[in-house]
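Have a look at work03.txt; it's compact mmCIF, C-alpha atoms:
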```txt
# COMPACT_ATOMS: atom_id res chain seq x y z
CA MET G 927 0.00 0.00 0.00
CA LYS G 928 1.27 3.48 -0.79
CA LYS G 929 2.37 5.51 2.18
CA ALA G 930 -0.20 8.13 3.20
CA LYS G 931 1.25 11.61 2.83
CA LEU G 932 0.06 15.10 3.62
CA GLY G 933 1.18 17.91 1.36
CA SER G 934 1.67 21.50 2.46
CA ALA G 935 -1.82 22.48 1.33
CA GLN G 936 -3.40 19.66 3.34
CA ARG G 937 -1.37 20.54 6.43
CA ALA G 938 -2.39 24.16 6.07
CA ALA G 939 -6.04 23.10 6.32
CA HIS G 940 -5.41 21.99 9.90
CA SER G 941 -5.26 24.39 12.83
CA SER G 942 -1.81 25.69 13.67
CA ILE G 943 -0.89 27.67 16.78
CA CYS G 944 2.17 29.76 15.98
CA ASP G 945 1.93 32.73 18.36
CA PHE G 946 0.07 33.97 21.43
CA GLU G 947 -2.75 35.43 19.36
CA ASP G 948 -3.37 32.03 17.76
CA PHE G 949 -3.30 30.45 21.23
CA ARG G 950 -5.81 32.99 22.55
CA ASP G 951 -8.14 32.41 19.61
CA ALA G 952 -7.95 28.64 20.00
CA VAL G 953 -8.76 28.75 23.72
CA SER G 954 -11.57 31.25 23.14
CA ALA G 955 -13.23 28.92 20.63
CA TYR G 956 -15.26 27.46 23.52
CA ARG G 957 -17.59 30.48 23.43
CA LEU G 958 -19.91 29.54 20.56
CA PRO G 959 -20.18 25.86 21.59
CA ARG G 960 -21.12 26.99 25.11
CA ILE G 961 -23.83 29.26 23.66
CA LEU G 962 -25.22 26.34 21.66
CA ILE G 963 -25.22 24.03 24.67
CA SER G 964 -27.03 26.66 26.76
CA ALA G 965 -29.70 26.98 24.07
CA LEU G 966 -30.22 23.21 24.22
CA GLU G 967 -30.31 23.22 28.02
CA LEU G 968 -33.01 25.91 27.93
CA ASP G 969 -35.01 23.87 25.35
CA LEU G 970 -35.05 27.12 23.40
CA PHE G 971 -35.55 25.63 19.94
CA THR G 972 -38.39 23.36 21.09
CA VAL G 973 -40.19 26.18 22.91
CA MET G 974 -39.84 28.55 19.95
CA GLY G 975 -41.34 26.00 17.56
CA GLY G 976 -42.74 27.67 14.46
CA ARG G 977 -43.76 31.08 15.82
CA VAL G 978 -42.06 34.46 16.26
CA TRP G 979 -41.16 35.40 19.84
CA THR G 980 -40.29 38.76 21.35
CA ILE G 981 -37.58 38.64 23.99
CA PRO G 982 -39.91 39.61 26.92
CA THR G 983 -42.44 36.90 26.00
CA LEU G 984 -39.76 34.25 25.44
CA ALA G 985 -38.01 35.22 28.68
CA ARG G 986 -41.22 34.66 30.64
CA ARG G 987 -41.80 31.31 28.93
CA LEU G 988 -38.24 30.08 29.58
CA ARG G 989 -37.99 31.70 33.04
CA ALA G 990 -34.85 33.49 31.92
CA SER G 991 -33.69 37.09 32.21
CA ARG G 992 -34.49 39.44 29.33
CA ARG G 993 -30.92 40.66 29.18
CA GLY G 994 -29.47 37.15 29.16
CA LEU G 995 -31.90 35.89 26.54
CA ASP G 996 -31.42 38.95 24.34
CA ILE G 997 -27.66 38.35 24.24
CA LEU G 998 -28.10 34.61 23.67
CA CYS G 999 -30.59 35.05 20.82
CA ARG G 1000 -28.46 37.69 19.11
CA ASN G 1001 -25.58 35.22 19.02
CA LEU G 1002 -27.80 32.39 17.77
CA ALA G 1003 -29.12 34.67 15.02
CA CYS G 1004 -25.58 35.70 14.16
CA VAL G 1005 -24.76 32.09 13.16
CA GLY G 1006 -28.11 31.49 11.43
CA LEU G 1007 -29.84 29.23 13.96
CA LEU G 1008 -32.42 31.94 14.65
CA LYS G 1009 -33.86 34.51 12.27
CA LYS G 1010 -34.52 38.10 13.34
CA GLN G 1011 -38.03 39.22 12.38
CA GLY G 1012 -38.99 42.74 13.41
CA ASN G 1013 -38.41 42.98 17.14
CA GLY G 1014 -38.63 39.22 17.56
CA TYR G 1015 -36.92 35.95 16.66
CA ARG G 1016 -37.99 32.70 15.04
CA ASN G 1017 -36.29 29.35 14.45
CA GLY G 1018 -34.24 28.74 11.36
CA PRO G 1019 -34.62 25.41 9.50
CA LEU G 1020 -32.24 23.49 11.81
CA GLY G 1021 -33.86 24.88 14.96
CA SER G 1022 -37.31 23.96 13.65
CA GLY G 1023 -36.21 20.44 12.71
CA GLU G 1024 -33.31 18.50 14.16
CA LEU G 1025 -33.05 20.67 17.31
CA ASN G 1026 -36.80 20.75 18.05
CA ALA G 1027 -38.12 17.92 20.24
CA LYS G 1028 -41.55 18.26 18.65
CA SER G 1029 -40.23 17.68 15.13
CA PRO G 1030 -40.02 14.25 13.42
CA GLN G 1031 -36.46 15.20 12.44
CA TYR G 1032 -35.35 15.66 16.08
CA ARG G 1033 -31.92 14.17 16.91
CA GLY G 1034 -32.53 14.06 20.65
CA ALA G 1035 -30.28 11.15 21.60
CA TYR G 1036 -27.27 12.64 19.83
CA LEU G 1037 -27.96 16.13 21.21
CA ARG G 1038 -28.09 14.71 24.74
CA LEU G 1039 -24.77 12.97 24.09
CA LEU G 1040 -23.23 16.29 23.01
CA LYS G 1041 -24.54 18.04 26.13
CA ASN G 1042 -23.12 15.31 28.37
CA HIS G 1043 -19.76 15.50 26.62
CA TRP G 1044 -19.43 19.18 27.49
CA ALA G 1045 -19.35 18.29 31.20
CA ASP G 1046 -17.26 15.16 30.64
CA TRP G 1047 -14.50 17.02 28.80
CA SER G 1048 -14.06 19.34 31.78
CA HIS G 1049 -12.44 16.37 33.57
CA LEU G 1050 -9.77 15.84 30.92
CA THR G 1051 -6.82 16.87 33.10
CA GLU G 1052 -7.70 14.18 35.63
CA GLN G 1053 -7.97 11.55 32.88
CA VAL G 1054 -4.62 12.55 31.37
CA ARG G 1055 -3.01 12.11 34.80
CA SER G 1056 -4.62 8.75 35.52
CA GLY G 1057 -4.81 7.31 32.01
CA LYS G 1058 -8.18 5.86 32.99
CA PRO G 1059 -11.66 6.71 31.69
CA LEU G 1060 -14.27 8.60 33.65
CA GLU G 1061 -15.82 6.49 36.38
CA ASP G 1062 -19.26 5.59 35.12
CA ASP G 1063 -21.42 2.56 35.79
CA GLU G 1064 -23.79 3.38 32.92
CA PRO G 1065 -22.10 1.85 29.82
CA ASP G 1066 -23.36 -1.65 30.67
CA ALA G 1067 -26.86 -0.49 31.65
CA VAL G 1068 -29.60 -1.36 29.17
CA ALA G 1069 -31.09 2.15 29.17
CA TYR G 1070 -27.68 3.69 28.49
CA ARG G 1071 -26.92 1.27 25.65
CA ARG G 1072 -30.26 2.02 24.01
CA GLU G 1073 -29.75 5.79 24.29
CA PHE G 1074 -26.21 5.55 22.94
CA THR G 1075 -27.33 3.34 20.06
CA TRP G 1076 -30.01 5.86 19.08
CA ALA G 1077 -27.37 8.60 19.26
CA MET G 1078 -25.18 6.66 16.82
CA HIS G 1079 -28.13 6.31 14.45
CA HIS G 1080 -28.78 10.06 14.63
CA ARG G 1081 -25.10 10.64 13.88
CA SER G 1082 -24.94 8.30 10.87
CA MET G 1083 -28.38 8.40 9.27
CA GLU G 1084 -27.34 10.93 6.61
CA VAL G 1085 -23.78 9.85 5.94
CA ALA G 1086 -24.45 6.09 5.70
CA PRO G 1087 -26.42 6.20 2.41
CA LYS G 1088 -23.74 8.39 0.83
CA VAL G 1089 -20.98 5.98 1.83
CA ALA G 1090 -22.96 2.91 0.74
CA ALA G 1091 -23.54 4.52 -2.66
CA GLN G 1092 -19.79 4.66 -3.25
CA VAL G 1093 -18.56 1.37 -1.79
CA ASP G 1094 -19.26 -1.16 -4.52
CA ILE G 1095 -20.21 -4.56 -3.13
CA GLY G 1096 -22.02 -5.71 -6.27
CA GLY G 1097 -22.24 -9.51 -6.48
CA THR G 1098 -22.09 -9.85 -2.70
CA LYS G 1099 -24.74 -12.08 -1.15
CA THR G 1100 -23.97 -11.94 2.57
CA PHE G 1101 -22.94 -8.85 4.55
CA LEU G 1102 -22.11 -8.50 8.26
CA ASP G 1103 -22.24 -5.15 10.07
CA LEU G 1104 -19.86 -6.06 12.92
CA GLY G 1105 -20.46 -3.94 16.02
CA GLY G 1106 -23.06 -2.19 13.89
CA GLY G 1107 -25.22 -0.87 16.74
CA PRO G 1108 -28.41 0.50 15.20
CA GLY G 1109 -27.70 -1.17 11.85
CA THR G 1110 -27.75 2.19 10.06
CA TYR G 1111 -24.97 1.23 7.68
CA ALA G 1112 -26.35 -2.26 7.10
CA LEU G 1113 -29.69 -0.75 6.09
CA ALA G 1114 -27.94 1.70 3.78
CA PHE G 1115 -26.07 -1.11 2.01
CA LEU G 1116 -29.30 -3.13 1.77
CA ALA G 1117 -31.05 -0.17 0.14
CA GLN G 1118 -28.22 0.16 -2.35
CA ASN G 1119 -28.07 -3.61 -3.14
CA PRO G 1120 -31.57 -5.13 -3.54
CA ARG G 1121 -30.36 -8.76 -3.62
CA LEU G 1122 -28.16 -8.45 -0.55
CA ARG G 1123 -28.94 -10.03 2.81
CA ALA G 1124 -27.29 -8.49 5.87
CA THR G 1125 -26.69 -9.25 9.53
CA VAL G 1126 -25.87 -6.85 12.33
CA ALA G 1127 -23.82 -8.18 15.27
CA ASP G 1128 -23.68 -6.32 18.58
CA ARG G 1129 -24.93 -6.32 22.17
CA THR G 1130 -28.56 -7.25 22.76
CA PRO G 1131 -29.77 -3.73 23.75
CA ALA G 1132 -28.23 -2.29 20.59
CA LEU G 1133 -29.89 -4.96 18.47
CA GLU G 1134 -33.27 -4.09 20.00
CA VAL G 1135 -32.85 -0.55 18.68
CA ALA G 1136 -31.71 -1.91 15.31
CA ARG G 1137 -34.92 -3.96 15.06
CA GLU G 1138 -37.04 -0.87 15.79
CA ILE G 1139 -35.27 1.15 13.10
CA ALA G 1140 -35.38 -1.68 10.54
CA ALA G 1141 -39.12 -2.15 11.08
CA GLY G 1142 -39.70 1.30 9.57
CA VAL G 1143 -37.99 0.71 6.21
CA PRO G 1144 -38.68 -1.85 3.44
CA GLN G 1145 -35.12 -3.20 3.29
CA GLY G 1146 -35.30 -3.98 7.01
CA LYS G 1147 -36.94 -7.30 6.12
CA ARG G 1148 -33.56 -8.46 4.77
CA LEU G 1149 -31.70 -7.69 7.99
CA SER G 1150 -31.01 -10.31 10.67
CA TYR G 1151 -29.45 -9.98 14.11
CA VAL G 1152 -26.69 -11.80 16.03
CA PRO G 1153 -25.92 -11.02 19.68
CA VAL G 1154 -22.20 -11.62 20.20
CA ASP G 1155 -19.20 -10.30 22.12
CA PHE G 1156 -16.85 -10.51 19.14
CA VAL G 1157 -13.82 -9.49 21.20
CA LYS G 1158 -14.19 -12.65 23.28
CA GLN G 1159 -16.22 -14.99 21.08
CA PRO G 1160 -15.98 -16.36 17.52
CA ILE G 1161 -18.14 -14.58 14.97
CA PRO G 1162 -20.95 -16.97 13.92
CA GLY G 1163 -21.70 -17.53 10.25
CA LYS G 1164 -19.88 -16.98 6.95
CA TYR G 1165 -19.97 -13.77 4.96
CA ASP G 1166 -18.74 -12.25 1.71
CA VAL G 1167 -18.22 -8.79 3.26
CA ILE G 1168 -17.72 -7.65 6.86
CA TRP G 1169 -18.24 -3.95 7.61
CA TYR G 1170 -16.36 -2.75 10.74
CA SER G 1171 -17.37 0.88 11.14
CA ASN G 1172 -16.38 3.17 14.01
CA VAL G 1173 -15.44 0.25 16.24
CA LEU G 1174 -11.66 0.01 15.78
CA HIS G 1175 -11.03 3.03 18.03
CA ILE G 1176 -12.86 1.47 21.01
CA TYR G 1177 -10.30 -1.30 21.48
CA SER G 1178 -6.60 -1.81 22.11
CA PRO G 1179 -4.22 -2.97 19.36
CA GLU G 1180 -4.26 -6.54 20.68
CA GLU G 1181 -8.07 -6.60 20.89
CA ASN G 1182 -8.35 -5.36 17.31
CA ARG G 1183 -5.83 -7.95 16.12
CA GLN G 1184 -8.02 -10.60 17.76
CA VAL G 1185 -11.12 -9.17 16.05
CA PHE G 1186 -9.31 -9.25 12.70
CA ARG G 1187 -8.43 -12.92 13.18
CA ARG G 1188 -12.06 -13.70 14.03
CA ALA G 1189 -13.26 -11.66 11.05
CA ALA G 1190 -10.92 -13.60 8.73
CA ALA G 1191 -12.36 -16.86 10.07
CA ALA G 1192 -15.91 -15.62 9.40
CA LEU G 1193 -15.25 -14.56 5.80
CA ASN G 1194 -15.63 -16.73 2.73
CA PRO G 1195 -12.49 -17.21 0.60
CA GLY G 1196 -11.80 -13.97 -1.23
CA GLY G 1197 -14.02 -12.12 1.25
CA ARG G 1198 -13.56 -8.48 2.17
CA LEU G 1199 -13.22 -6.67 5.48
CA LEU G 1200 -14.09 -2.97 5.16
CA ILE G 1201 -12.94 -0.80 8.07
CA GLN G 1202 -14.23 2.75 8.50
CA ASP G 1203 -12.56 4.74 11.28
CA ALA G 1204 -10.72 7.90 12.32
CA PHE G 1205 -7.38 6.83 10.86
CA LEU G 1206 -4.17 8.81 11.29
CA LEU G 1207 -2.84 9.22 7.77
CA ASP G 1208 0.72 10.51 8.15
CA ALA G 1209 3.87 8.70 9.31
CA ASP G 1210 4.15 10.81 12.48
CA GLY G 1211 0.57 10.12 13.60
CA LEU G 1212 -0.43 13.78 13.77
CA TYR G 1213 -3.02 14.22 11.00
CA PRO G 1214 -5.91 14.58 10.37
CA GLN G 1215 -6.42 16.76 13.44
CA GLU G 1216 -9.96 15.43 13.93
CA ALA G 1217 -8.60 11.88 14.34
CA ASN G 1218 -6.28 13.03 17.12
CA LEU G 1219 -9.06 15.01 18.82
CA PHE G 1220 -11.20 11.89 18.71
CA ALA G 1221 -8.46 9.97 20.53
CA VAL G 1222 -9.17 12.25 23.51
CA THR G 1223 -12.77 11.04 23.50
CA MET G 1224 -11.46 7.50 23.71
CA LEU G 1225 -9.27 8.46 26.67
CA LEU G 1226 -12.31 9.83 28.46
CA PHE G 1227 -14.72 6.98 27.76
CA THR G 1228 -12.84 3.72 27.10
CA GLU G 1229 -10.37 1.56 28.99
CA ARG G 1230 -7.93 1.01 26.13
CA GLY G 1231 -9.28 2.81 23.05
CA ASN G 1232 -7.31 5.11 20.76
CA THR G 1233 -7.08 6.19 17.14
CA TYR G 1234 -4.64 4.32 14.93
CA GLY G 1235 -2.53 4.84 11.86
CA ILE G 1236 -3.22 3.35 8.45
CA ARG G 1237 0.22 1.72 8.45
CA GLU G 1238 -0.11 -0.08 11.80
CA THR G 1239 -3.67 -1.21 11.01
CA THR G 1240 -2.43 -2.61 7.68
CA THR G 1241 0.23 -4.60 9.54
CA TRP G 1242 -2.39 -6.08 11.88
CA LEU G 1243 -4.55 -7.09 8.92
CA ARG G 1244 -1.69 -8.84 7.13
CA LEU G 1245 -0.82 -10.74 10.32
CA ALA G 1246 -4.47 -11.85 10.49
CA GLY G 1247 -4.14 -13.45 7.04
CA PHE G 1248 -5.44 -10.81 4.65
CA ALA G 1249 -3.60 -10.78 1.35
CA ARG G 1250 -4.39 -7.33 -0.03
CA VAL G 1251 -4.96 -4.14 1.96
CA GLY G 1252 -5.64 -0.69 0.56
CA PRO G 1253 -7.85 2.40 0.79
CA VAL G 1254 -11.33 2.76 -0.61
CA ARG G 1255 -11.62 6.12 -2.34
CA LEU G 1256 -14.60 8.35 -1.56
CA ARG G 1257 -15.30 11.81 -2.83
CA ALA G 1258 -13.80 14.49 -0.58
CA GLY G 1259 -16.03 15.39 2.34
CA THR G 1260 -18.48 12.52 1.83
CA GLY G 1261 -17.07 9.87 4.20
CA ASP G 1262 -17.51 9.59 7.93
CA TRP G 1263 -13.82 10.48 8.40
CA GLU G 1264 -11.11 11.94 6.19
CA GLY G 1265 -9.51 9.05 4.26
CA GLY G 1266 -11.27 6.68 6.61
CA ILE G 1267 -12.05 3.39 4.81
CA LEU G 1268 -9.55 0.57 4.56
CA GLU G 1269 -10.26 -2.61 2.57
CA ALA G 1270 -8.64 -5.96 3.36
CA VAL G 1271 -9.16 -8.97 1.09
CA LEU G 1272 -8.68 -12.62 2.01
CA PRO G 1273 -6.89 -14.96 -0.41
CA SER G 1274 -9.18 -16.97 -2.64
CA ARG G 1275 -9.20 -20.76 -2.39
CA ARG G 1276 -6.51 -21.04 -5.03
CA GLN G 1277 -3.61 -18.74 -4.32
CA GLY G 1278 -3.08 -16.35 -7.20
CA THR G 1279 -6.72 -16.57 -8.33
CA ARG G 1280 -8.63 -13.37 -7.98
CA ALA G 1281 -11.62 -13.66 -5.69
CA ARG G 1282 -15.00 -13.40 -7.35
CA ARG G 1283 -16.65 -10.26 -6.06
CA GLY G 1284 -17.94 -6.92 -7.17
CA ARG G 1285 -15.65 -4.38 -8.79
CA SER G 1286 -13.37 -2.87 -6.13
CA THR G 1287 -13.59 0.84 -5.45
CA ARG G 1288 -9.94 0.86 -4.47
CA ASN G 1289 -7.94 3.38 -6.46
CA SER G 1290 -10.88 3.94 -8.79
CA PRO G 1291 -13.20 6.92 -9.23
CA ALA G 1292 -16.03 6.98 -6.73
CA ARG G 1293 -19.53 6.27 -7.84
CA SER G 1294 -22.43 8.56 -6.98
CA ARG G 1295 -22.75 9.81 -3.69
CA ARG G 1296 -21.92 11.36 4.29
```
Now that the file is in, can you turn its structure into structure tokens?
Amino acid sequence: MKKAKLGSAQRAAHSSICDFEDFRDAVSAYRLPRILISALELDLFTVMGGRVWTIPTLARRLRASRRGLDILCRNLACVGLLKKQGNGYRNGPLGSGELNAKSPQYRGAYLRLLKNHWADWSHLTEQVRSGKPLEDDEPDAVAYRREFTWAMHHRSMEVAPKVAAQVDIGGTKTFLDLGGGPGTYALAFLAQNPRLRATVADRTPALEVAREIAAGVPQGKRLSYVPVDFVKQPIPGKYDVIWYSNVLHIYSPEENRQVFRRAAAALNPGGRLLIQDAFLLDADGLYPQEANLFAVTMLLFTERGNTYGIRETTTWLRLAGFARVGPVRLRAGTGDWEGGILEAVLPSRRQGTRARRGRSTRNSPARSRR
């Protein structure tokens, strides 16, 4: 596989702190996110709904000060979330939809996750010192798993169809969404491939959410469910393609190597493992910046998770028995992460014989369109 490189233009796209003014601006960037979180905590977008509110009336409804609400709404209007109308304000499209609890488009589970993360990140210094995640008994609770699974669906419901439209798995009969949570990606691939049958493997509470989501779409009839702890147990069944999306970063290198060995055992000869994750693309493990920022999330919430480089992940895949490893090309800005899909192909039954499968998207122009 060709070594991932970042040119000067790509590096320039990432934040650089070169002097005190840059440092000040970077630290001060918390201001707008805090404004947005406060608006969510006040249920401002839900209360506003579809009508125009004057500040005095809205302040009474929200039990907030006129001065405070005036300043908050001015800032929300400045970034387009609210629209100024006369001496009042109304919701913009996002506030009326995804941020409004009374709207069918509401992304409540993911918004609650974002609000919780604001408080969680304030403990980062402690976690850096200890190297351990935040103490929390919730991750194994059924209610928490369901809420988190819905949040992951809200995060992926738009990007998944765009990714599935570009990753060609034509000719594939069996597809496994390993650690697939709500099955959002499995459903997207099913919609794109009418003859495909798919399975989602995860914890039981996550699969319950997946069933609820699948029940609302026609392709959900072709989705099945397997409860399994794939870090500790063999993966049941045989598949042509295994999709491992946004799971790699949860586990340690050794745990991922074990998952890769189990995935290889669950694939048919010539089968493909497709890994989507926040990969580090350069030799020094510094870029993309978003992948390194996401590693901090793993420090806060997992025992051993991290973000990993393309090169080290490729080595693990080859040790697990995969013969060919390389990137899947997506159009810029359409994937879940920058440069974030890696394809690994098992040898066919006869060494040197190309596996029968759909045309690879590796190193080829993307098809239609995260």
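Distance annotation: of G:Ser1274, G:Thr1228, G:Thr1239, G:Thr1110, the residue with the minimal separation from G:Pro1059 is G:Thr1228; atom set is all atoms listed in the file.
Distance-wise, atom CA of G:Arg993 and atom CA of G:Ile981 end up 8.7 Å apart.
One distance worth recording is that between atom CA of G:Ser1150 and atom CA of G:Thr1100, which is 10.9 Å.
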Exercise: G:Asn1182 partners within 12 Å, only C-alpha atoms, chain neighbours under 2 positions left out, as number ranges by chain:
G: 1156-1158, 1170, 1173-1180, 1184-1189, 1201, 1230-1234, 1238-1243, 1245-1246
With all atoms listed in the file as the basis for distance, which of G:Ala952, G:Met1224, G:Val1089, G:Leu995 is at the shortest distance from G:Ser1171?
G:Val1089
To one decimal in Å, tell me the separation between atom CA of G:Arg1121 and atom CA of G:Pro1253.
25.5 Å
Which residue, G:Val1222, G:Ala1217, G:Gly1247, G:Glu1269, has the smallest gap to G:Leu1199 when you use all atoms listed in the file?
G:Glu1269
